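See structure below.
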Amino acid sequence: MKKLWLLFILLSFTLYGAVYEKYLVKGNPKDEEIMKLMEMIKENPNVSEYHNNLGVLLMDKKFPNDALKEFKRAIKLDKKNYRAWYNLGILYESMGKNFKAYRTFKKALKNKRGDDLTLYH
């Protein structure tokens with residue numbers, strides 16, 4: 001039963017796409033920037049910075065789960081992407097997941113030692 005439910009959830013995500021897509025409004029500068037990044041990702045899905053930048057915009061628009069996915073994709077594409085690790089830590093911190101945030105900030109510091117912003121958090 002659990003496997004069937006999990007399959008249903010995964011299938012629904014692939015069929016309907018990301019949650020934030022249906023809330024984008026043409027003419028809104030932030031939404032236009034998100035749409036532009038989405039197009040860039042469609043053209044070249046293996047650029048870590050695109051996913052990181054999309055995650056930042058989604059975090060600003062209050063879509064934390066979608067931002068989380070983008071940060072994780074960015075890290076999967078480039079494990080040394082300091083910004084993606086840092087932004088993921090900020091997101092975990094804002095979600096109240098302090099232990100995960102701490103571990104993530106440590107990984108960010110591993111890639112950019114002595115960074116003031118990361119050390120602050």
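All residue names refer to the structure tokens as shown: chains lettered A, B, ... in order, residues numbered from 1 in each chain, ligands numbered from 1 in order.
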
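If you count only C-alpha atoms and ignore residues fewer than 5 places along the chain from A:Asp116, what sits within 12 Å of it is Tyr86, Phe105, Ala108, Leu109 and His121 of chain A.
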
Completion exercise
Computed gap from atom CA of A:Asn81 to atom CA of A:Ile41 is 16.8 Å

Practice task
May I have all residues of stretch 16-115 of chain A that DSSP, computed from the backbone, assigns to alpha helix (DSSP H), given as a PyMOL selection string?
Solution key: chain A and resi 16+29-43+48-60+64-77+82-94+98-111

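The residue that comes closest to A:Lys112, out of A:Asn98, A:Lys62, A:Lys80, A:Gly55 and on the basis of only C-alpha atoms, is A:Lys80.
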
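In this model, the gap between atom CA of A:Lys106 and atom CA of A:Tyr82 comes to 10.5 Å.
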